[in-house]
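Data block below; observations after.
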Amino acid sequence: MTAAESRLPLIYAGLALLLAFAVLGSLMLGYTIYMPGELWNALASSGTSEADTVIREYRLPRAMMAPLVGAALGVAGVMVQTLSRNRIASPDTLGLNAGASLAVVAASVGLGISSLAVLSLVAAAGAFLTSILVFALAATAGGLSPLRIVLVGVTFAALMNAMVEVILTVNEAELQQLLFWLSGAFVDRPLSLVARNIPLLALGGVMAAMLARPLDALQTDDATAQSLGAPIRVIRIASFVAVALLTGASVAMAGPVGFVGLVVPHAARALVGARHGEKLVAAALIGAVYTTAADILARFVIYPTEAPVGAITAVVGAGLLLVLLRRRAA
Amino acid sequence: MDKALSGLKVDTLSVAYGAHLAVDAISLTIPKGKITVLAGPNGCGKSTLLRAIRRLHAAKTGRVLLGETDIGKMREKEIAREIGLLAQSPSAPEDMRVEELVRLGRYPHQAMLQPWSKDDAAAVEDAMFGTGVGHLRDRRLGSLSGGQLQRAWIAMVLAQQTDIVCLDEPVNHLDMAHQIDCLDLVSRLNREHGRTVVLVLHDLNLAARYADLLVFMKDGGIVSAGSPHQLMTEEQIASVFGIQCRVIEDPVHDRPLCIPMRNSSPRFEVQG
């Protein structure tokens with residue numbers, strides 16, 4: 001048993017406790033502050049007071065969505081970093097968020113779609129299509145080398161972000177409304193959006209769990225991973241699918257929430273070590289806590305207006321990353 | 001482990017990189033429980049042959065037989081339980097700990113969601129103990145010296161518990177003391193645990209010192225194979241390596257010792 005292993009139960013319990021506090025905080029804190037008693041009343045009964053409505057219709061969806069999105073992005077981040085053997089890679093690096101953004105902007109500006117439900121589907125489709133495109137290009141000729149995956153992903157991310165900016169510059173009228181979506185947010189999202197994306201998250205999560213050990217082997221060079229008996233091509237394809245599912249569902253719910261997939265894997269690695277069985281669980285918990293806390297913060301930094309949560313995760317994440325890098329844990 | 005499976009035979013095997021045949025219709029029987037050393041000049045195909053024995057390269061023609069089984073038809077994990085391979089300059093994250101690396105050796109023995117077993121734990125402990133890295137188990141790979149790191153990698157291959165162990169230039173970046181240290185370790189594994197070892201070595205004198213069967217390769221083919229005393233002659237070495245030398249008896253190890261003298265076909269001309 002390694003030293004880190006004996007601490008595992010404590011680490012998991014600590015993170016779970018933090019998550020419980022974060023979710024409770026997410027329900028309580030905001031423009032109006034509700035006490036636990038009021039929460040209980042609203043969630044347990046079917047009262048129709050203003051407090052009941054706000055808690056059920058506004059606070060509950062985001063208190064569920066933020067941890068789910070954070071967990072999904074944390075897990076996807078760990079997988080992308082192993083897949084690309086690159087510690088500064090994340091789902092953004094694969095161009096998935098850029099693909100979702102482009103799809104949403106194109107659908108909104110080009111087709112005049114404004115329904116949130118439809119746009120969220122469009123976002124997921126954009127992320128999936130991008131992952132297929134990046135994967136297909138990375139797989140040709142060079143045969144899915146980690147470097148190729150990153151190069152193709154970064155190229156597409158840059159290209160699609162540029163296209164988003166061009167479209168928005170030309171259609172200034174849409175800018176205001178889309179800009180908020182493009183930074184990621186949990187505000188004003190219905191519970192049905194969570195329900196619709198949970199199957200995708202569950203599938204992605206199960207795939208990640210099944211890939212934990214193969215991903216351990218994939219941390220070594222190709223020759224070593226292969227001689228350990230790891231079918232590296234199959235592992236890469238399956239990981240890609242899992243990352244696309246997790247990121248696609250996240251983007252559909254909250255838009256592109258940046259930096260979570262980049263920072264959380266570093267924290268998870270520093271806390272539990274290199275093995276994916278532990279690292280993926282820790283990343284899910286840390287990502288959930290981090291995103292939920294960021295969503296609470298987003299309600300207060302420019303109070304009474306809401307800030308986009310993606311801006312918070314980016315600012316805090318950059319700071320965290322610098323601290324981790326200084327400690328050489330990253 | 002099925003002992004009947006452990007005999008290894010290379011049967012008119014060819015491996016191609018594009019149009020270039022890196023291994024050209026080679027046949028070779030790897031003796032069970034012995035140390036076989038593949039030697040030859042750069043680009044002779046020795047590493048490719050070693051990797052093809054572990055099916056890291058597909059055979060263009062011919063096959064590699066493990067007992068009666070064509071390894072081309074085996075499943076990935078099945079081969080990995082029979083043949084271990086330490087790649088040339090392997091890599092793993094610098095912040096991975098030694099024990100985490102050694103545990104990777106258990107990969108072919110584990111089903112997808114099967115928990116870590118007593119056998120797994122015992123194999124990892126044995127491997128770390130046998131290679132003397134037990135006290136380094138919580139150290140990060142990036143903090144190890146070259147010799148310690150190579151021991152950790154060998155421990156990973158040992159934890160795989162294969163009858164056949166292939167090592168591709170395992171002493172490449174090590175100083176003299178660690179070269180001997182590493183190869184003594186390999187030869188102990190062979191003698192004490194009866195593992196069949198296949199090594200690719202650059203240094204002819206180290207090859208002669210540790211090989212039971214020495215194989216000279218050139219241009220993708222085998223020039224000769226036999227005991228070090230049979231192979232290490234001045235004529236053989238001149239024709240395989242293109243270097244004139246004197247071969248004397250190693251006064252300590254009862255093995256031939258090659259003293260290189262002049263390159264018979266110089267690759268670098270000194271100007272002026």
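Ligands are numbered from 1 in the order shown, chains are lettered A, B, ... in the order of the structure tokens, and residues start at 1 in each chain.
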
- Message: Should the cut-off be 7 Å, what would the residue list for chain A against chain B look like, counting only C-alpha atoms, as a ChimeraX atom specification?
- Response: /A:210,217,219-221,223-224,227-231,274

- Long-range neighbours of Asp250 (chain B) as a ChimeraX atom specification, 12 Å cut-off, only C-alpha atoms, 5 positions minimum in chain: /B:205-206,208-209,228-229,232,255-259

- Task: Would you mind listing what lies within 12 Å of Val223 (chain B) as number ranges by chain, with only C-alpha atoms counted and same-chain residues fewer than 5 positions away left out?
- Result: B: 24, 26-28, 38-41, 44-46, 214-218, 231, 236-237, 239-241

- Task: Please identify all polymer residues within 7 Å of region 119-128 of chain A, counting only C-alpha atoms, omitting same-chain residues fewer than 3 positions from it, and present them as a PyMOL selection string.
- Result: chain A and resi 96-97+99-101+103-104+114-116+131-132+244+248-249+251-253

Selection above as a file: N, CA and C atoms, as a PDB file, in the first residue's frame:
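What ended up in again21.pdb:
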ATOM      1  N   LEU A  96     -13.192  21.086 -28.541  1.00  0.00           N
ATOM      2  CA  LEU A  96     -14.594  20.710 -28.330  1.00  0.00           C
ATOM      3  C   LEU A  96     -15.455  21.910 -27.948  1.00  0.00           C
ATOM      4  N   ASN A  97     -14.921  22.746 -27.047  1.00  0.00           N
ATOM      5  CA  ASN A  97     -15.697  23.927 -26.654  1.00  0.00           C
ATOM      6  C   ASN A  97     -15.842  24.900 -27.812  1.00  0.00           C
ATOM      7  N   GLY A  99     -15.881  24.153 -30.929  1.00  0.00           N
ATOM      8  CA  GLY A  99     -16.833  23.562 -31.866  1.00  0.00           C
ATOM      9  C   GLY A  99     -18.269  23.801 -31.417  1.00  0.00           C
ATOM     10  N   ALA A 100     -18.510  23.653 -30.108  1.00  0.00           N
ATOM     11  CA  ALA A 100     -19.841  23.896 -29.565  1.00  0.00           C
ATOM     12  C   ALA A 100     -20.226  25.354 -29.733  1.00  0.00           C
ATOM     13  N   SER A 101     -19.270  26.250 -29.431  1.00  0.00           N
ATOM     14  CA  SER A 101     -19.547  27.683 -29.552  1.00  0.00           C
ATOM     15  C   SER A 101     -19.895  28.049 -30.986  1.00  0.00           C
ATOM     16  N   ALA A 103     -21.073  26.169 -33.329  1.00  0.00           N
ATOM     17  CA  ALA A 103     -22.368  25.616 -33.709  1.00  0.00           C
ATOM     18  C   ALA A 103     -23.502  26.493 -33.167  1.00  0.00           C
ATOM     19  N   VAL A 104     -23.362  26.914 -31.901  1.00  0.00           N
ATOM     20  CA  VAL A 104     -24.415  27.730 -31.284  1.00  0.00           C
ATOM     21  C   VAL A 104     -24.526  29.096 -31.963  1.00  0.00           C
ATOM     22  N   SER A 114     -33.465  30.670 -31.003  1.00  0.00           N
ATOM     23  CA  SER A 114     -33.198  31.295 -29.712  1.00  0.00           C
ATOM     24  C   SER A 114     -33.644  30.426 -28.547  1.00  0.00           C
ATOM     25  N   SER A 115     -34.314  29.310 -28.843  1.00  0.00           N
ATOM     26  CA  SER A 115     -34.753  28.421 -27.760  1.00  0.00           C
ATOM     27  C   SER A 115     -33.550  27.761 -27.089  1.00  0.00           C
ATOM     28  N   LEU A 116     -33.510  27.851 -25.766  1.00  0.00           N
ATOM     29  CA  LEU A 116     -32.378  27.312 -25.022  1.00  0.00           C
ATOM     30  C   LEU A 116     -32.248  25.808 -25.231  1.00  0.00           C
ATOM     31  N   SER A 131     -15.250  16.606 -32.299  1.00  0.00           N
ATOM     32  CA  SER A 131     -14.421  15.500 -31.829  1.00  0.00           C
ATOM     33  C   SER A 131     -14.218  14.473 -32.940  1.00  0.00           C
ATOM     34  N   ILE A 132     -15.258  14.241 -33.731  1.00  0.00           N
ATOM     35  CA  ILE A 132     -15.116  13.297 -34.840  1.00  0.00           C
ATOM     36  C   ILE A 132     -14.101  13.834 -35.864  1.00  0.00           C
ATOM     37  N   ALA A 244     -15.770  13.128 -25.508  1.00  0.00           N
ATOM     38  CA  ALA A 244     -16.776  13.842 -26.302  1.00  0.00           C
ATOM     39  C   ALA A 244     -18.136  13.809 -25.602  1.00  0.00           C
ATOM     40  N   GLY A 248     -19.496  17.185 -24.336  1.00  0.00           N
ATOM     41  CA  GLY A 248     -20.697  17.543 -25.091  1.00  0.00           C
ATOM     42  C   GLY A 248     -21.877  17.798 -24.160  1.00  0.00           C
ATOM     43  N   ALA A 249     -22.076  16.913 -23.185  1.00  0.00           N
ATOM     44  CA  ALA A 249     -23.183  17.086 -22.248  1.00  0.00           C
ATOM     45  C   ALA A 249     -22.980  18.336 -21.388  1.00  0.00           C
ATOM     46  N   VAL A 251     -21.270  21.081 -22.184  1.00  0.00           N
ATOM     47  CA  VAL A 251     -21.478  22.258 -23.023  1.00  0.00           C
ATOM     48  C   VAL A 251     -22.973  22.469 -23.268  1.00  0.00           C
ATOM     49  N   ALA A 252     -23.689  21.388 -23.445  1.00  0.00           N
ATOM     50  CA  ALA A 252     -25.127  21.500 -23.681  1.00  0.00           C
ATOM     51  C   ALA A 252     -25.825  22.129 -22.473  1.00  0.00           C
ATOM     52  N   MET A 253     -25.335  21.821 -21.292  1.00  0.00           N
ATOM     53  CA  MET A 253     -25.977  22.347 -20.088  1.00  0.00           C
ATOM     54  C   MET A 253     -25.553  23.772 -19.782  1.00  0.00           C
TER      55      MET A 253
END

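Proximity ranking of A:Ile235, A:Ile198, A:Val316, A:Val243 relative to Met65 (chain A) places A:Ile198 first, based on only C-alpha atoms.
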
- Among the residues of region 162-249 of chain B, find those DSSP assigns to alpha helix (DSSP H) from the backbone and print them as a ChimeraX atom specification. /B:176-193,204-210,228-231,234-241

- Message: Calculated over only C-alpha atoms, which of the candidates B:Ile248, B:Val37, B:Ala16, B:Ala22 has the smallest distance to Lys60 (chain B)?
- Response: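 Smallest separation from Lys60 (chain B) among the options: B:Ala16.
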
- Task: Work out how far CA of Thr196 (chain B) is from CA of Gln226 (chain A), in Å to one decimal.
- Result: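 Atom-to-atom, CA of Gln226 (chain A) to CA of Thr196 (chain B), that is 20.1 Å.
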
- Message: One decimal, in Å: what's the spacing between CA of Arg191 (chain B) and CA of Ile35 (chain B)?
- Response: 9.3 Å

- Query: Using only C-alpha atoms, which of B:Lys73, B:His20, B:Arg195, B:His178 sits nearest Gly43 (chain B)?
  - Reply: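 Using only C-alpha atoms, the shortest distance to Gly43 (chain B) belongs to B:His20.
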
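CA of Val234 (chain A) to CA of Asp92 (chain A) spans 22.5 Å [interatomic distance, one decimal].
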
- Item | Nearby residues (only C-alpha atoms) at most 7 Å from Val78 (chain A), same-chain spacing under 3 positions excluded, as a list in words |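 The residues that qualify are Gly74, Val75, Gln81, Thr82, Pro265 and Leu280 of chain A.
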
Those same residues - N, CA, C and O atoms - I'd like them written as a PDB file, in the first residue's frame.
ATOM      1  N   GLY A  74     -13.858  17.694 -15.113  1.00  0.00           N
ATOM      2  CA  GLY A  74     -12.672  17.210 -14.401  1.00  0.00           C
ATOM      3  C   GLY A  74     -12.229  15.859 -14.930  1.00  0.00           C
ATOM      4  O   GLY A  74     -11.052  15.630 -15.232  1.00  0.00           O
ATOM      5  N   VAL A  75     -13.191  14.947 -15.077  1.00  0.00           N
ATOM      6  CA  VAL A  75     -12.878  13.603 -15.589  1.00  0.00           C
ATOM      7  C   VAL A  75     -12.370  13.688 -17.031  1.00  0.00           C
ATOM      8  O   VAL A  75     -11.360  13.080 -17.396  1.00  0.00           O
ATOM      9  N   GLN A  81      -5.559  14.743 -20.792  1.00  0.00           N
ATOM     10  CA  GLN A  81      -4.139  14.928 -20.475  1.00  0.00           C
ATOM     11  C   GLN A  81      -3.358  13.628 -20.614  1.00  0.00           C
ATOM     12  O   GLN A  81      -2.208  13.627 -21.048  1.00  0.00           O
ATOM     13  N   THR A  82      -3.980  12.516 -20.260  1.00  0.00           N
ATOM     14  CA  THR A  82      -3.298  11.242 -20.444  1.00  0.00           C
ATOM     15  C   THR A  82      -3.235  10.877 -21.925  1.00  0.00           C
ATOM     16  O   THR A  82      -2.207  10.428 -22.429  1.00  0.00           O
ATOM     17  N   PRO A 265      -7.337  18.330 -13.118  1.00  0.00           N
ATOM     18  CA  PRO A 265      -6.452  17.158 -13.153  1.00  0.00           C
ATOM     19  C   PRO A 265      -5.167  17.371 -12.363  1.00  0.00           C
ATOM     20  O   PRO A 265      -4.666  16.441 -11.725  1.00  0.00           O
ATOM     21  N   LEU A 280      -9.417   9.699 -11.311  1.00  0.00           N
ATOM     22  CA  LEU A 280     -10.683  10.065 -11.948  1.00  0.00           C
ATOM     23  C   LEU A 280     -11.746  10.392 -10.896  1.00  0.00           C
ATOM     24  O   LEU A 280     -12.501  11.356 -11.045  1.00  0.00           O
TER      25      LEU A 280
END

- Name the residues in contact with Leu159 (chain A) at a cut-off of 12 Å, using only C-alpha atoms, excluding same-chain residues fewer than 6 positions from it; report them as a PyMOL selection string. chain A and resi 94-96+98-99+101-102+130+152-153+165-166

- Query: Do you know which residues are at most 9 Å from region 47-55 of chain A counting only C-alpha atoms, after dropping those on the same chain fewer than 6 positions away, and could you put them as a PyMOL selection string?
  - Reply: chain A and resi 27-28+32+34+38-39+41+61
